[in-house]
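Below is one structure; the comments refer to it alone.
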Amino acid sequence: MTLRSADREEIQIAWMWAVAVGAALILRPLWLSLAGGLPACPFRTLTGIPCPTCGTTHAAIALLHLRIGAALQLNPLAAAAGIAFVVGGGLAPLWALFVRRLPALPRPLPLPARLAMAAALAANWLWVILANR
Amino acid sequence: MSSTIPPEPPHDGGVGPETPTAPPPPEPTPVTALPWETPGYPALEALYETAKLVLINPSEAFARMSPKGDLGRPLLYAVIFGWIGVIAGQIYNLAFRSMIFNFIPGMPHGRELALGLVGNVAIMIFAPVLVLIGVFIAAAIYHLFLMMVGGNNEGFVATVRVVAYAGTTQILQVVPFCGGLIALVWNIVLEIIGLAKAHRTTQAKSAIAVLLPIVLCCACLAIVFAVSGAAIMAALGKAR
């Protein structure tokens with residue numbers, strides 16, 4: 001995979017990511033206090049079947065309590081995205097200061113890669129349905 | 001007796017008659033940047049003119065928006081409108097929740113109401129940070145789905161800029177009762193138009209990128225948007 005130099009705006013994105021993660025972690029008490037007030041999934045209430053993002057809030061709460069296994073059990077894709085958000089935001093300043101190179105991905109992505117993304121979403125939903133019945 | 005037709009004399013030393021040449025293509029008209037990103041434009045006037053353009057003529061607004069460029073101005077713009085919208089929304093939330101608690105017996109009072117009040121005030125105070133987090137996460141989700149449908153012809157920066165300017169709709173939260181819903185629906189329309197313009201892709205692809213996450217988030221929310229679908233389609237049709 002070839003690498004290219006990052007634009008100035010992409011470096012700004014990296015700092016923005018770091019600030020977003022820092023703010024999100026500092027506001028941890030706010031997220032925990034608001035989580036209890038969120039309504040239950042109406043789709044699941046009506047049909048008994050979890051929607052594709054069911055468990056995301058509980059996964060986020062589990063991550064905030066550092067219960068990573070529980071978070072992955074509830075919604076693997078959401079948990080993985082949350083972990084990537086935090087880890088990526090932590091590494092972003094180092095990247096912005098010392099690396100500043102990105103993989104040269106084709107635009108748009110080739111069809112196999114796009115199909116793989118769709119398959120990951122479908123597989124995640126299947127997991128949510130089977131694991132949280 | 002044969003007659004010969006003398007050949008036509010050449011023109012200007014050429015070997016035959018001149019062939020008509022196509023006129024040169026017109027010079028592309030330079031695109032004027034958004035007022036908010038035009039150096040020297042008075043700040044309040046730039047804010048107002050950009051908001052008016054984004055809300056009323058989004059096709060032109062996003063055509064003028066550069067898909068690249070410094071992120072400071074768009075993010076400041078998003079924070080300004082987002083903060084106003086959040087404050088308005090939280091004030092209405094507080095006002096009407098108190099009314100409901102007073103009129104309906106058995107509803108939680110006291111401690112629950114106090115916690116809700118603290119939460120509301122905290123949201124109003126931290127709104128700028130929440131707006132930045134929201135823009136970043138929303139842009140990341142839309143860009144991922146845009147990549148999935150093959151519509152990303154520009155980088156992530158373009159998506160962030162679209163989401164930031166589409167946040168103009170948060171000002172509609174000052175309208176009581178229905179302002180939040182109008183803001184939500186019009187925000188979707190702006191993001192569909194904006195992503196199509198910024199990424200030089202079709203509105204079909206940008207619509208999938210914006211609507212599919214909503215559908216996946218909750219099918220019941222999708223029903224709400226299906227009901228609003230007529231309004232969304234009408235707005236997209238006018239904006240072409």
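Ligands are numbered from 1 in the order shown, chains are lettered A, B, ... in the order of the structure tokens, and residues start at 1 in each chain.
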
*Distance filter 10 Å, only C-alpha atoms, chain B against chain A, as a PyMOL selection string*: chain B and resi 68-72+75+115-116+118-120+122-123+126+129-137+144-158+160+213-221

_Could you go through stretch 10-66 of chain A and tell me which residues DSSP, when run on the backbone, assigns to helix (DSSP H, G or I), listing them as an MDAnalysis selection string?_
chainID A and resid 10:26 28:35 42:47 56:64

_Give me, as a list in words, all polymer residues having an atom no more than 12 Å from B:Glu60, counting only C-alpha atoms and skipping those fewer than 5 positions away in the same chain._
Val31, Thr32, Ala33, Leu34, Thr50, Lys52, Leu53, Val54, Leu55, Met65, Ser66, Leu190, Ile193, Gly194, Lys197, Ala198, Ala239 and Arg240 of chain B

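Distances from B:Gln173, B:Thr159, B:Gln90, B:Thr168 to B:Ser206 were compared using only C-alpha atoms, and the smallest one belongs to B:Thr159.
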
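Taking atom CA of B:Ile56 and atom CA of B:Gly180 as the two end points, the separation is 17.8 Å.
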
*Which residue of B:Ile208, B:Ile188, B:Ala140, B:Ile171 approaches B:Ala51 most closely, using only C-alpha atoms*: B:Ile171

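Our summary of the geometry notes that atom CA of A:Ala80 is positioned 12.8 Å from atom CA of A:Gly55.
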
*atom CA of A:Ala14 to atom CA of B:Ala78: how many Å, to one decimal?*
18.1 Å

*Report as a VMD selection string: the residues of chain A with a DSSP assignment of strand (DSSP E), based on the backbone of this structure.*
chain A and resid 3 to 5 101 to 103

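Residues lying within 12 Å of A:Phe98, counting only C-alpha atoms and ignoring same-chain neighbours fewer than 5 positions away, are Ser5, Ala6, Ile11, Leu91, Ala92 and Pro93 of chain A.
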
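Proximity to B:Asn93 was assessed for B:Leu117, B:Trp36, B:Ala196, B:Leu44 counting only C-alpha atoms; the smallest distance is recorded for B:Leu117.
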